[in-house]
file model_30.txt (compact mmCIF, C-alpha atoms)
# COMPACT_ATOMS: atom_id res chain seq x y z
CA MET F 1 18.04 -0.40 -15.89
CA LEU F 2 18.80 2.57 -13.67
CA LEU F 3 17.60 3.01 -10.10
CA TYR F 4 16.97 6.53 -8.84
CA ASP F 5 18.01 6.02 -5.27
CA CYS F 6 18.81 7.83 -2.03
CA GLU F 7 21.27 5.99 0.14
CA HIS F 8 19.83 6.86 3.58
CA ALA F 9 16.10 6.70 2.70
CA PRO F 10 14.10 3.62 3.75
CA SER F 11 11.99 3.08 0.59
CA PRO F 12 14.86 2.73 -1.89
CA ARG F 13 16.65 0.53 0.64
CA ARG F 14 13.80 -1.97 0.31
CA VAL F 15 14.51 -2.21 -3.44
CA ARG F 16 18.28 -2.44 -2.96
CA ILE F 17 17.91 -5.35 -0.50
CA PHE F 18 15.36 -7.06 -2.76
CA ALA F 19 17.71 -6.77 -5.76
CA ALA F 20 20.67 -8.02 -3.70
CA GLU F 21 18.69 -11.11 -2.58
CA LYS F 22 17.86 -11.83 -6.22
CA GLY F 23 21.45 -11.31 -7.32
CA ILE F 24 20.49 -8.39 -9.57
CA SER F 25 23.04 -5.62 -9.80
CA LEU F 26 21.44 -2.22 -10.42
CA ASN F 27 23.16 0.93 -11.56
CA THR F 28 22.06 3.76 -9.30
CA VAL F 29 21.79 7.54 -9.44
CA GLN F 30 21.67 9.30 -6.08
CA VAL F 31 18.83 11.82 -5.71
CA ASP F 32 19.65 14.44 -3.08
CA LEU F 33 16.37 14.61 -1.13
CA ALA F 34 17.81 17.07 1.43
CA GLN F 35 18.49 19.51 -1.42
CA GLY F 36 15.01 18.94 -2.92
CA GLU F 37 16.32 17.34 -6.11
CA GLN F 38 13.14 15.20 -6.24
CA MET F 39 11.18 18.42 -6.93
CA SER F 40 13.09 19.31 -10.10
CA ASP F 41 11.23 19.35 -13.42
CA GLU F 42 13.55 16.62 -14.65
CA PHE F 43 12.71 14.31 -11.78
CA ARG F 44 8.98 15.10 -11.92
CA ARG F 45 8.92 13.80 -15.48
CA ARG F 46 10.09 10.46 -14.05
CA ASN F 47 7.74 10.52 -11.07
CA PRO F 48 5.15 13.30 -10.59
CA GLU F 49 4.77 12.14 -6.96
CA CYS F 50 8.40 13.27 -6.37
CA THR F 51 9.47 10.16 -4.46
CA VAL F 52 12.31 7.66 -4.73
CA PRO F 53 12.85 4.88 -5.68
CA VAL F 54 12.22 5.04 -9.44
CA LEU F 55 13.41 2.32 -11.81
CA GLU F 56 14.05 3.54 -15.35
CA LEU F 57 13.85 0.74 -17.91
CA GLU F 58 15.90 0.49 -21.11
CA ASP F 59 13.05 2.02 -23.17
CA GLY F 60 12.77 5.01 -20.81
CA THR F 61 9.66 3.77 -18.97
CA CYS F 62 9.81 4.87 -15.33
CA ILE F 63 8.41 2.66 -12.60
CA SER F 64 7.98 4.14 -9.14
CA GLU F 65 6.57 2.58 -5.93
CA VAL F 66 8.54 -0.15 -4.19
CA LEU F 67 6.09 -3.01 -4.76
CA ALA F 68 5.83 -2.28 -8.49
CA ILE F 69 9.62 -2.19 -8.89
CA CYS F 70 10.11 -5.40 -6.88
CA ASP F 71 7.37 -7.16 -8.86
CA TYR F 72 9.12 -6.15 -12.10
CA LEU F 73 12.43 -7.55 -10.85
CA GLU F 74 10.63 -10.74 -9.73
CA GLN F 75 8.99 -11.20 -13.16
CA THR F 76 12.19 -10.58 -15.10
CA LYS F 77 14.42 -12.84 -12.97
CA LEU F 78 12.38 -15.59 -11.38
CA GLU F 79 14.88 -17.16 -8.96
CA PRO F 80 15.25 -16.91 -6.04
CA GLN F 81 11.55 -16.14 -5.66
CA LEU F 82 10.88 -13.43 -3.10
CA MET F 83 7.13 -13.04 -3.61
CA GLY F 84 5.85 -16.59 -3.18
CA ARG F 85 6.11 -19.54 -5.54
CA ASN F 86 2.42 -20.29 -5.95
CA ALA F 87 -0.86 -18.37 -5.83
CA LYS F 88 -1.55 -19.04 -2.15
CA LEU F 89 1.95 -18.28 -0.92
CA ARG F 90 2.06 -15.19 -3.10
CA ALA F 91 -1.21 -13.98 -1.56
CA GLN F 92 0.22 -14.52 1.94
CA VAL F 93 3.41 -12.63 1.08
CA LEU F 94 1.46 -9.71 -0.43
CA MET F 95 -0.92 -9.72 2.54
CA TRP F 96 1.93 -9.45 5.04
CA ASN F 97 3.75 -6.89 2.96
CA ALA F 98 0.62 -4.71 2.88
CA LYS F 99 -0.02 -5.07 6.62
CA ILE F 100 3.61 -4.16 7.40
CA GLU F 101 3.55 -1.20 4.99
CA GLN F 102 0.31 0.23 6.33
CA ASN F 103 0.60 -0.49 10.03
CA GLY F 104 4.34 -0.74 10.62
CA LEU F 105 6.32 1.29 8.10
CA ALA F 106 3.62 3.98 7.75
CA ALA F 107 3.53 4.36 11.54
CA VAL F 108 7.27 5.01 11.63
CA PHE F 109 6.92 7.51 8.76
CA GLU F 110 4.15 9.26 10.71
CA PHE F 111 6.37 9.49 13.77
CA PHE F 112 9.49 10.59 11.93
CA ARG F 113 8.04 13.10 9.49
CA ASN F 114 5.87 14.77 12.14
CA SER F 115 8.62 15.16 14.71
CA ALA F 116 11.94 15.69 12.86
CA LYS F 117 13.07 19.30 13.19
CA GLY F 118 14.27 19.50 9.61
CA LEU F 119 10.87 18.48 8.19
CA ARG F 120 8.51 21.08 9.71
CA SER F 121 6.74 21.72 6.40
CA ARG F 122 7.42 18.27 4.92
CA ALA F 123 5.13 16.05 7.00
CA LEU F 124 4.29 14.09 3.85
CA THR F 125 6.41 13.09 0.89
CA GLY F 126 5.19 14.37 -2.46
CA PRO F 127 5.07 17.56 -4.50
CA THR F 128 3.14 19.65 -1.93
CA ASP F 129 4.32 20.93 1.45
CA PHE F 130 2.20 19.98 4.47
CA ASP F 131 2.97 21.17 8.01
CA GLN F 132 3.72 18.70 10.76
CA ILE F 133 0.86 17.67 13.06
CA PRO F 134 2.52 16.73 16.39
CA GLU F 135 -0.42 14.51 17.43
CA ILE F 136 0.31 12.28 14.44
CA ALA F 137 3.88 11.70 15.66
CA GLU F 138 2.62 10.35 18.98
CA ARG F 139 -0.06 8.25 17.29
CA GLY F 140 2.56 6.82 14.93
CA ARG F 141 4.72 5.81 17.88
CA GLN F 142 1.81 4.13 19.64
CA ARG F 143 0.49 2.22 16.67
CA GLY F 144 4.00 1.19 15.62
CA VAL F 145 4.60 -0.35 19.07
CA LEU F 146 1.25 -2.17 18.94
CA PHE F 147 1.77 -3.52 15.42
CA PHE F 148 5.29 -4.79 16.02
CA LYS F 149 4.02 -6.56 19.15
CA ARG F 150 1.53 -8.38 16.95
CA LEU F 151 4.32 -9.17 14.47
CA ASP F 152 6.42 -10.47 17.39
CA SER F 153 3.63 -12.95 18.27
CA HIS F 154 3.31 -13.97 14.63
CA LEU F 155 7.06 -14.71 14.48
CA ASP F 156 6.86 -17.17 17.39
CA HIS F 157 8.27 -20.44 15.98
CA ARG F 158 8.54 -18.89 12.53
CA GLN F 159 11.79 -18.16 10.73
CA PHE F 160 10.27 -15.80 8.17
CA VAL F 161 7.20 -13.56 8.05
CA ALA F 162 5.47 -15.58 5.31
CA GLY F 163 6.45 -19.01 4.00
CA GLU F 164 9.71 -20.93 4.42
CA SER F 165 12.14 -18.47 2.90
CA ILE F 166 12.85 -14.75 2.85
CA SER F 167 10.33 -12.59 0.99
CA ILE F 168 9.52 -8.96 0.31
CA ALA F 169 7.48 -9.01 3.54
CA ASP F 170 10.63 -9.68 5.61
CA ILE F 171 12.47 -6.94 3.74
CA THR F 172 9.72 -4.38 4.40
CA ALA F 173 9.58 -5.25 8.11
CA PHE F 174 13.37 -5.23 8.43
CA VAL F 175 13.69 -1.79 6.83
CA ALA F 176 10.84 -0.48 9.01
CA VAL F 177 12.53 -1.69 12.23
CA ASP F 178 15.88 -0.19 11.21
CA PHE F 179 14.29 3.10 10.15
CA ALA F 180 12.45 3.21 13.51
CA LYS F 181 15.74 2.72 15.33
CA ARG F 182 17.23 5.71 13.50
CA ALA F 183 14.16 7.71 14.59
CA LYS F 184 14.82 6.58 18.21
CA LEU F 185 11.96 4.07 18.33
CA ASP F 186 13.00 0.65 19.55
CA PHE F 187 10.53 -2.05 18.56
CA LEU F 188 12.89 -4.91 19.48
CA GLU F 189 12.74 -4.32 23.22
CA CYS F 190 10.46 -6.89 24.91
CA ALA F 191 9.90 -8.54 21.51
CA PRO F 192 12.10 -11.68 21.61
CA ASN F 193 10.80 -13.28 18.40
CA LEU F 194 11.12 -10.05 16.44
CA LYS F 195 14.65 -9.60 17.84
CA ARG F 196 15.75 -13.11 16.81
CA TRP F 197 14.22 -12.66 13.34
CA HIS F 198 15.84 -9.20 12.97
CA SER F 199 19.30 -10.54 13.87
CA ALA F 200 18.94 -13.31 11.29
CA VAL F 201 17.91 -10.89 8.51
CA ALA F 202 20.62 -8.40 9.53
CA ALA F 203 23.26 -11.16 9.19
CA ARG F 204 22.45 -11.68 5.49
CA GLU F 205 24.78 -10.14 2.93
CA SER F 206 21.81 -8.25 1.38
CA ALA F 207 21.28 -6.19 4.57
CA LYS F 208 24.35 -4.12 3.62
CA ALA F 209 22.73 -3.02 0.34
CA MET U 1 -14.00 -19.54 -1.30
CA LEU U 2 -15.81 -17.22 1.04
CA LEU U 3 -15.48 -13.42 1.11
CA TYR U 4 -15.93 -11.63 4.42
CA ASP U 5 -17.51 -8.49 3.13
CA CYS U 6 -19.32 -5.31 4.18
CA GLU U 7 -21.68 -4.01 1.55
CA HIS U 8 -21.19 -0.26 2.10
CA ALA U 9 -17.43 -0.26 2.84
CA PRO U 10 -15.00 0.82 0.08
CA SER U 11 -12.25 -1.81 0.51
CA PRO U 12 -14.41 -4.92 0.01
CA ARG U 13 -16.12 -3.14 -2.89
CA ARG U 14 -12.75 -3.10 -4.69
CA VAL U 15 -12.64 -6.90 -4.42
CA ARG U 16 -16.27 -7.33 -5.49
CA ILE U 17 -15.74 -5.22 -8.63
CA PHE U 18 -12.47 -7.03 -9.40
CA ALA U 19 -14.19 -10.44 -9.08
CA ALA U 20 -17.14 -9.26 -11.21
CA GLU U 21 -14.77 -8.10 -13.98
CA LYS U 22 -13.09 -11.51 -13.93
CA GLY U 23 -16.41 -13.34 -13.94
CA ILE U 24 -15.72 -14.94 -10.55
CA SER U 25 -18.73 -15.41 -8.34
CA LEU U 26 -17.86 -15.23 -4.64
CA ASN U 27 -20.00 -16.36 -1.74
CA THR U 28 -20.06 -13.57 0.82
CA VAL U 29 -20.64 -13.20 4.55
CA GLN U 30 -21.58 -9.71 5.71
CA VAL U 31 -19.52 -8.40 8.64
CA ASP U 32 -21.42 -5.73 10.57
CA LEU U 33 -18.74 -3.08 11.06
CA ALA U 34 -21.18 -0.66 12.73
CA GLN U 35 -21.82 -3.27 15.44
CA GLY U 36 -18.07 -3.99 15.81
CA GLU U 37 -18.32 -7.56 14.54
CA GLN U 38 -14.77 -7.22 13.13
CA MET U 39 -13.51 -7.04 16.73
CA SER U 40 -14.90 -10.44 17.75
CA ASP U 41 -12.48 -13.22 18.70
CA GLU U 42 -13.83 -15.28 15.81
CA PHE U 43 -13.06 -12.57 13.25
CA ARG U 44 -9.66 -11.78 14.79
CA ARG U 45 -8.60 -15.35 14.13
CA ARG U 46 -9.24 -14.64 10.44
CA ASN U 47 -7.59 -11.21 10.47
CA PRO U 48 -5.87 -9.82 13.58
CA GLU U 49 -5.96 -6.37 11.94
CA CYS U 50 -9.79 -6.49 12.22
CA THR U 51 -10.48 -5.27 8.68
CA VAL U 52 -12.55 -6.47 5.75
CA PRO U 53 -12.24 -7.85 3.12
CA VAL U 54 -10.94 -11.31 4.02
CA LEU U 55 -10.99 -14.20 1.56
CA GLU U 56 -11.19 -17.62 3.20
CA LEU U 57 -9.84 -20.39 0.97
CA GLU U 58 -11.12 -23.99 0.87
CA ASP U 59 -8.34 -25.14 3.25
CA GLY U 60 -9.22 -22.42 5.79
CA THR U 61 -6.32 -20.09 4.91
CA CYS U 62 -7.45 -16.48 5.32
CA ILE U 63 -6.13 -13.78 3.01
CA SER U 64 -6.75 -10.16 3.94
CA GLU U 65 -5.68 -6.93 2.19
CA VAL U 66 -7.27 -6.02 -1.14
CA LEU U 67 -4.18 -6.35 -3.32
CA ALA U 68 -3.36 -9.81 -1.93
CA ILE U 69 -6.91 -11.06 -2.54
CA CYS U 70 -7.04 -9.62 -6.07
CA ASP U 71 -3.64 -11.12 -6.90
CA TYR U 72 -4.90 -14.51 -5.72
CA LEU U 73 -7.98 -14.24 -7.94
CA GLU U 74 -5.76 -13.14 -10.85
CA GLN U 75 -3.41 -16.11 -10.41
CA THR U 76 -6.22 -18.65 -10.11
CA LYS U 77 -8.26 -17.37 -13.10
CA LEU U 78 -5.98 -15.70 -15.62
CA GLU U 79 -8.48 -14.12 -18.02
CA PRO U 80 -9.47 -11.36 -18.33
CA GLN U 81 -6.20 -10.06 -16.93
CA LEU U 82 -6.69 -7.10 -14.61
CA MET U 83 -3.10 -6.69 -13.40
CA GLY U 84 -1.16 -6.41 -16.65
CA ARG U 85 -0.26 -9.11 -19.16
CA ASN U 86 3.51 -8.74 -19.09
CA ALA U 87 6.17 -7.63 -16.60
CA LYS U 88 6.27 -4.00 -17.73
CA LEU U 89 2.51 -3.53 -17.88
CA ARG U 90 2.14 -5.29 -14.56
CA ALA U 91 4.66 -2.90 -13.00
CA GLN U 92 2.74 0.07 -14.39
CA VAL U 93 -0.57 -1.25 -13.05
CA LEU U 94 0.92 -1.91 -9.59
CA MET U 95 2.60 1.51 -9.63
CA TRP U 96 -0.66 3.30 -10.35
CA ASN U 97 -2.58 1.17 -7.90
CA ALA U 98 -0.08 2.07 -5.14
CA LYS U 99 -0.13 5.80 -6.01
CA ILE U 100 -3.94 5.82 -5.97
CA GLU U 101 -4.10 3.86 -2.70
CA GLN U 102 -1.59 6.08 -0.89
CA ASN U 103 -2.43 9.50 -2.27
CA GLY U 104 -6.07 9.17 -3.33
CA LEU U 105 -7.91 6.54 -1.35
CA ALA U 106 -5.88 7.13 1.84
CA ALA U 107 -6.64 10.86 1.59
CA VAL U 108 -10.39 10.17 1.46
CA PHE U 109 -10.05 7.77 4.43
CA GLU U 110 -8.20 10.51 6.35
CA PHE U 111 -10.96 12.99 5.61
CA PHE U 112 -13.83 10.63 6.36
CA ARG U 113 -12.55 8.90 9.48
CA ASN U 114 -11.37 12.14 11.09
CA SER U 115 -14.60 14.06 10.49
CA ALA U 116 -17.52 11.57 10.65
CA LYS U 117 -19.48 12.06 13.86
CA GLY U 118 -19.97 8.35 14.41
CA LEU U 119 -16.21 7.64 14.34
CA ARG U 120 -14.86 9.96 17.07
CA SER U 121 -12.66 7.23 18.58
CA ARG U 122 -12.22 5.24 15.37
CA ALA U 123 -9.95 7.50 13.33
CA LEU U 124 -8.07 4.44 12.12
CA THR U 125 -9.28 0.97 11.23
CA GLY U 126 -7.77 -1.84 13.27
CA PRO U 127 -7.95 -3.41 16.71
CA THR U 128 -7.11 -0.23 18.70
CA ASP U 129 -9.20 2.93 19.13
CA PHE U 130 -7.56 6.20 18.13
CA ASP U 131 -9.25 9.59 18.52
CA GLN U 132 -9.95 11.77 15.54
CA ILE U 133 -7.45 14.53 14.72
CA PRO U 134 -9.47 17.26 12.93
CA GLU U 135 -6.37 18.68 11.20
CA ILE U 136 -5.95 15.35 9.40
CA ALA U 137 -9.47 15.64 7.94
CA GLU U 138 -8.61 18.97 6.32
CA ARG U 139 -5.24 17.69 5.10
CA GLY U 140 -6.95 14.65 3.60
CA ARG U 141 -9.36 16.88 1.70
CA GLN U 142 -6.54 19.05 0.37
CA ARG U 143 -4.26 16.24 -0.73
CA GLY U 144 -7.18 14.32 -2.25
CA VAL U 145 -8.06 17.32 -4.41
CA LEU U 146 -4.44 17.75 -5.50
CA PHE U 147 -3.92 14.07 -6.30
CA PHE U 148 -7.10 13.68 -8.34
CA LYS U 149 -6.11 16.80 -10.32
CA ARG U 150 -2.88 15.03 -11.23
CA LEU U 151 -4.87 11.91 -12.12
CA ASP U 152 -7.15 14.08 -14.28
CA SER U 153 -4.11 15.26 -16.26
CA HIS U 154 -2.85 11.71 -16.58
CA LEU U 155 -6.22 10.61 -18.02
CA ASP U 156 -6.05 13.18 -20.84
CA HIS U 157 -6.37 11.10 -24.04
CA ARG U 158 -6.29 7.91 -22.01
CA GLN U 159 -9.20 5.51 -21.65
CA PHE U 160 -7.78 3.66 -18.65
CA VAL U 161 -5.34 4.52 -15.86
CA ALA U 162 -2.69 2.01 -17.02
CA GLY U 163 -2.58 0.11 -20.31
CA GLU U 164 -5.33 -0.44 -22.87
CA SER U 165 -7.92 -2.19 -20.72
CA ILE U 166 -9.43 -1.94 -17.26
CA SER U 167 -7.15 -2.91 -14.37
CA ILE U 168 -7.08 -2.95 -10.60
CA ALA U 169 -5.76 0.63 -10.77
CA ASP U 170 -9.02 1.83 -12.39
CA ILE U 171 -11.03 -0.07 -9.79
CA THR U 172 -9.12 1.50 -6.88
CA ALA U 173 -9.51 5.00 -8.31
CA PHE U 174 -13.20 4.46 -9.10
CA VAL U 175 -13.98 3.26 -5.58
CA ALA U 176 -11.99 6.17 -4.11
CA VAL U 177 -13.96 8.74 -6.15
CA ASP U 178 -17.30 7.17 -5.18
CA PHE U 179 -16.33 6.91 -1.52
CA ALA U 180 -15.26 10.57 -1.61
CA LYS U 181 -18.65 11.54 -3.05
CA ARG U 182 -20.39 9.79 -0.14
CA ALA U 183 -18.14 11.76 2.21
CA LYS U 184 -19.22 14.97 0.38
CA LEU U 185 -15.96 15.47 -1.49
CA ASP U 186 -16.41 15.99 -5.21
CA PHE U 187 -13.24 15.28 -7.16
CA LEU U 188 -15.02 15.27 -10.55
CA GLU U 189 -15.75 18.99 -10.55
CA CYS U 190 -13.34 20.83 -12.88
CA ALA U 191 -11.75 17.48 -13.79
CA PRO U 192 -13.14 16.71 -17.28
CA ASN U 193 -10.91 13.71 -18.02
CA LEU U 194 -11.56 12.13 -14.65
CA LYS U 195 -15.29 12.73 -15.15
CA ARG U 196 -15.34 11.06 -18.57
CA TRP U 197 -13.30 8.12 -17.26
CA HIS U 198 -15.54 7.81 -14.17
CA SER U 199 -18.72 7.71 -16.31
CA ALA U 200 -17.24 4.97 -18.47
CA VAL U 201 -16.25 2.82 -15.47
CA ALA U 202 -19.62 3.48 -13.78
CA ALA U 203 -21.43 2.20 -16.90
CA ARG U 204 -19.80 -1.23 -16.63
CA GLU U 205 -21.86 -4.06 -15.17
CA SER U 206 -19.18 -4.64 -12.51
CA ALA U 207 -19.79 -1.20 -10.95
CA LYS U 208 -22.98 -2.58 -9.40
CA ALA U 209 -21.02 -5.23 -7.45
call {"tool": "encode", "arguments": {"input": "model_30.txt", "output": "structure tokens"}}
result
Amino acid sequence: MLLYDCEHAPSPRRVRIFAAEKGISLNTVQVDLAQGEQMSDEFRRRNPECTVPVLELEDGTCISEVLAICDYLEQTKLEPQLMGRNAKLRAQVLMWNAKIEQNGLAAVFEFFRNSAKGLRSRALTGPTDFDQIPEIAERGRQRGVLFFKRLDSHLDHRQFVAGESISIADITAFVAVDFAKRAKLDFLECAPNLKRWHSAVAARESAKA
Amino acid sequence: MLLYDCEHAPSPRRVRIFAAEKGISLNTVQVDLAQGEQMSDEFRRRNPECTVPVLELEDGTCISEVLAICDYLEQTKLEPQLMGRNAKLRAQVLMWNAKIEQNGLAAVFEFFRNSAKGLRSRALTGPTDFDQIPEIAERGRQRGVLFFKRLDSHLDHRQFVAGESISIADITAFVAVDFAKRAKLDFLECAPNLKRWHSAVAARESAKA
């Protein structure tokens, strides 16, 4: 298996941390997003949506989208389970992962891609250029703050986002908070539960992946 | 099990079609979104993100988010499998489902929620009001058209979006195309493969759910 990766991008980081928690070592190829390598014909054949990460299997099949890649790793190496060990727990993990993706991580993406100077015509990932819409940046900031406040309440007396051990939901939230910090959004301020949880996840070996 | 539903909303329709394909009959409670019933304290206890669908299990656990609910139904009644019968197929189904959610369905939501007269302060679902941003409506239209063109190419010589039988990916795409039509966006025009595929899915008994 080969992971098409980009070291500083948040989405492939989710896969790298997930693989590290499972003890799966992945060979990686760096895709230079700044140079537009994801737009090349060669890369488009792997993922027409021109995004990383992409996991290329032994038979050449290419899997893109973080959840799909993580699910594949979970199915092919069961332990430690990072997506819930029964139907109910799995549903809770997937629920939280979706909420965090849509309301947390997506909000940070909205802020970052609509305000970064180097991305004026790249407000969305993908094969087509779209101009920034400054109002979306401000909305992203606001809804990110509101969502992570709700997550802070949820984490009161809880060690992990869903269930009794780390899951993909923790990984998604952790990467979102770190990505926000890089974009100069601090969700940990006035969020004591989120801060405690973040320190605990950051102290794991996998956080370096 | 009890499904908190809204008959005319696209997200719960995905769950209803999924359940119908699996032969699972779900008791439903209608949530009146137009009257803001999703904002009530009672509903917030079930889903603080104030969205439908929500599946309430026998023990009172509430699962929101379409993918999480469908995964729960898939785990509790295996056949017919709608999320892929092995790790690789499952990854492909989840990959396509994510692509369609993010680039197809989300684009229609952007268009609809930022242009509908009745939703001026409800440009996003969720507990907080956000004003419409008209530029997002136009961007949603454009990226919807572009994505469904790519899906049209993908469906050339293919009966289903992923694998050899219907999956959650087909259901997501089908609901997105129908929702777009209601919002006066026609993605089937000049998309012969998508049109053929859509007719075949529409002819299934589950499409009435």
call {"tool": "interface_residues", "arguments": {"input": "model_30.txt", "of": "chain F", "to": "chain U", "cutoff": "7 Å", "atoms": "only C-alpha atoms", "output": "NGL selection string"}}
result
:F and (63-65 or 68-69 or 71-72 or 75-76 or 87-88 or 91-92 or 94-95 or 98)
call {"tool": "write_last_selection", "arguments": {"input": "model_30.txt", "atoms": "C-alpha atoms", "output": "CSV table (one decimal), keeping the file's coordinate frame"}}
result
chain,number,residue,atom,x,y,z
F,63,ILE,CA,8.4,2.7,-12.6
F,64,SER,CA,8.0,4.1,-9.1
F,65,GLU,CA,6.6,2.6,-5.9
F,68,ALA,CA,5.8,-2.3,-8.5
F,69,ILE,CA,9.6,-2.2,-8.9
F,71,ASP,CA,7.4,-7.2,-8.9
F,72,TYR,CA,9.1,-6.2,-12.1
F,75,GLN,CA,9.0,-11.2,-13.2
F,76,THR,CA,12.2,-10.6,-15.1
F,87,ALA,CA,-0.9,-18.4,-5.8
F,88,LYS,CA,-1.6,-19.0,-2.2
F,91,ALA,CA,-1.2,-14.0,-1.6
F,92,GLN,CA,0.2,-14.5,1.9
F,94,LEU,CA,1.5,-9.7,-0.4
F,95,MET,CA,-0.9,-9.7,2.5
F,98,ALA,CA,0.6,-4.7,2.9
call {"tool": "residues_around", "arguments": {"input": "model_30.txt", "residues": "Phe174 (chain U)", "least_positions_apart": "6", "cutoff": "9 Å", "atoms": "all atoms listed in the file", "output": "list in words"}}
result
Arg14, Trp197, His198, Val201, Ala202 and Ala207 of chain U
call {"tool": "write_last_selection", "arguments": {"input": "model_30.txt", "atoms": "C-alpha atoms", "output": "mmCIF file, keeping the file's coordinate frame"}}
result
data_model
loop_
_atom_site.group_PDB
_atom_site.id
_atom_site.type_symbol
_atom_site.label_atom_id
_atom_site.label_comp_id
_atom_site.auth_asym_id
_atom_site.auth_seq_id
_atom_site.Cartn_x
_atom_site.Cartn_y
_atom_site.Cartn_z
ATOM 1 C CA ARG U 14 -12.750 -3.100 -4.690
ATOM 2 C CA TRP U 197 -13.300 8.120 -17.260
ATOM 3 C CA HIS U 198 -15.540 7.810 -14.170
ATOM 4 C CA VAL U 201 -16.250 2.820 -15.470
ATOM 5 C CA ALA U 202 -19.620 3.480 -13.780
ATOM 6 C CA ALA U 207 -19.790 -1.200 -10.950
#
call {"tool": "residues_around", "arguments": {"input": "model_30.txt", "residues": "region 17-33 of chain F", "least_positions_apart": "6", "cutoff": "8 Å", "atoms": "all atoms listed in the file", "output": "list in words"}}
result
Met1, Leu2, Leu3, Tyr4, Asp5, Cys6, Glu7, Val52, Cys70, Leu73, Lys77, Glu79, Pro80, Gln81, Leu82, Ile168, Ile171, Ser206, Ala207, Lys208 and Ala209 of chain F
call {"tool": "atom_distance", "arguments": {"input": "model_30.txt", "atom1": "CA of Lys184 (chain U)", "atom2": "CA of Phe112 (chain U)"}}
result
9.1 Å
call {"tool": "residues_near_point", "arguments": {"input": "model_30.txt", "point": "(-11.4, -7.7, 14.3)", "cutoff": "9 Å", "atoms": "only C-alpha atoms", "output": "ChimeraX atom specification"}}
result
/U:36-52,126-127
call {"tool": "atom_distance", "arguments": {"input": "model_30.txt", "atom1": "CA of Asp178 (chain F)", "atom2": "CA of Gly118 (chain F)"}}
result
19.8 Å
call {"tool": "residues_around", "arguments": {"input": "model_30.txt", "residues": "Ser165 (chain U)", "least_positions_apart": "2", "cutoff": "10 Å", "atoms": "all atoms listed in the file", "output": "ChimeraX atom specification"}}
result
/U:80-84,159-163,167,170
call {"tool": "atom_distance", "arguments": {"input": "model_30.txt", "atom1": "CA of Asn114 (chain F)", "atom2": "CA of Asp129 (chain F)"}}
result
12.4 Å
call {"tool": "closest_residue", "arguments": {"input": "model_30.txt", "among": "F:Ala116, F:Val177, F:Ile100, F:Val108", "to": "Glu189 (chain F)", "atoms": "all atoms listed in the file"}}
result
F:Val177
call {"tool": "closest_residue", "arguments": {"input": "model_30.txt", "among": "U:Ile166, U:Val15, U:Ala107, U:Ala123", "to": "Phe187 (chain U)", "atoms": "all atoms listed in the file"}}
result
U:Ala107
call {"tool": "closest_residue", "arguments": {"input": "model_30.txt", "among": "F:Ala191, F:Phe109, F:Ser199, F:Phe148", "to": "Ala173 (chain F)", "atoms": "all atoms listed in the file"}}
result
F:Phe148
call {"tool": "decode", "arguments": {"input": "model_30.txt", "residues": "region 157-175 of chain U", "atoms": "C-alpha atoms", "output": "PDB file, in the first residue's frame"}}
result
ATOM      1  CA  HIS U 157     -20.962   1.588 -18.775  1.00  0.00           C
ATOM      2  CA  ARG U 158     -21.670   1.312 -15.071  1.00  0.00           C
ATOM      3  CA  GLN U 159     -25.015   0.313 -13.581  1.00  0.00           C
ATOM      4  CA  PHE U 160     -24.231   1.542 -10.071  1.00  0.00           C
ATOM      5  CA  VAL U 161     -21.911   4.162  -8.585  1.00  0.00           C
ATOM      6  CA  ALA U 162     -19.711   1.596  -6.778  1.00  0.00           C
ATOM      7  CA  GLY U 163     -19.698  -2.176  -7.236  1.00  0.00           C
ATOM      8  CA  GLU U 164     -22.286  -4.416  -8.881  1.00  0.00           C
ATOM      9  CA  SER U 165     -25.334  -3.598  -6.775  1.00  0.00           C
ATOM     10  CA  ILE U 166     -27.042  -0.604  -5.228  1.00  0.00           C
ATOM     11  CA  SER U 167     -25.240   1.016  -2.295  1.00  0.00           C
ATOM     12  CA  ILE U 168     -25.488   4.010  -0.006  1.00  0.00           C
ATOM     13  CA  ALA U 169     -23.484   5.937  -2.632  1.00  0.00           C
ATOM     14  CA  ASP U 170     -26.312   5.524  -5.186  1.00  0.00           C
ATOM     15  CA  ILE U 171     -28.857   6.576  -2.575  1.00  0.00           C
ATOM     16  CA  THR U 172     -26.920   9.745  -1.682  1.00  0.00           C
ATOM     17  CA  ALA U 173     -26.506  10.705  -5.341  1.00  0.00           C
ATOM     18  CA  PHE U 174     -30.155   9.937  -6.139  1.00  0.00           C
ATOM     19  CA  VAL U 175     -31.442  12.086  -3.271  1.00  0.00           C
TER      20      VAL U 175
END
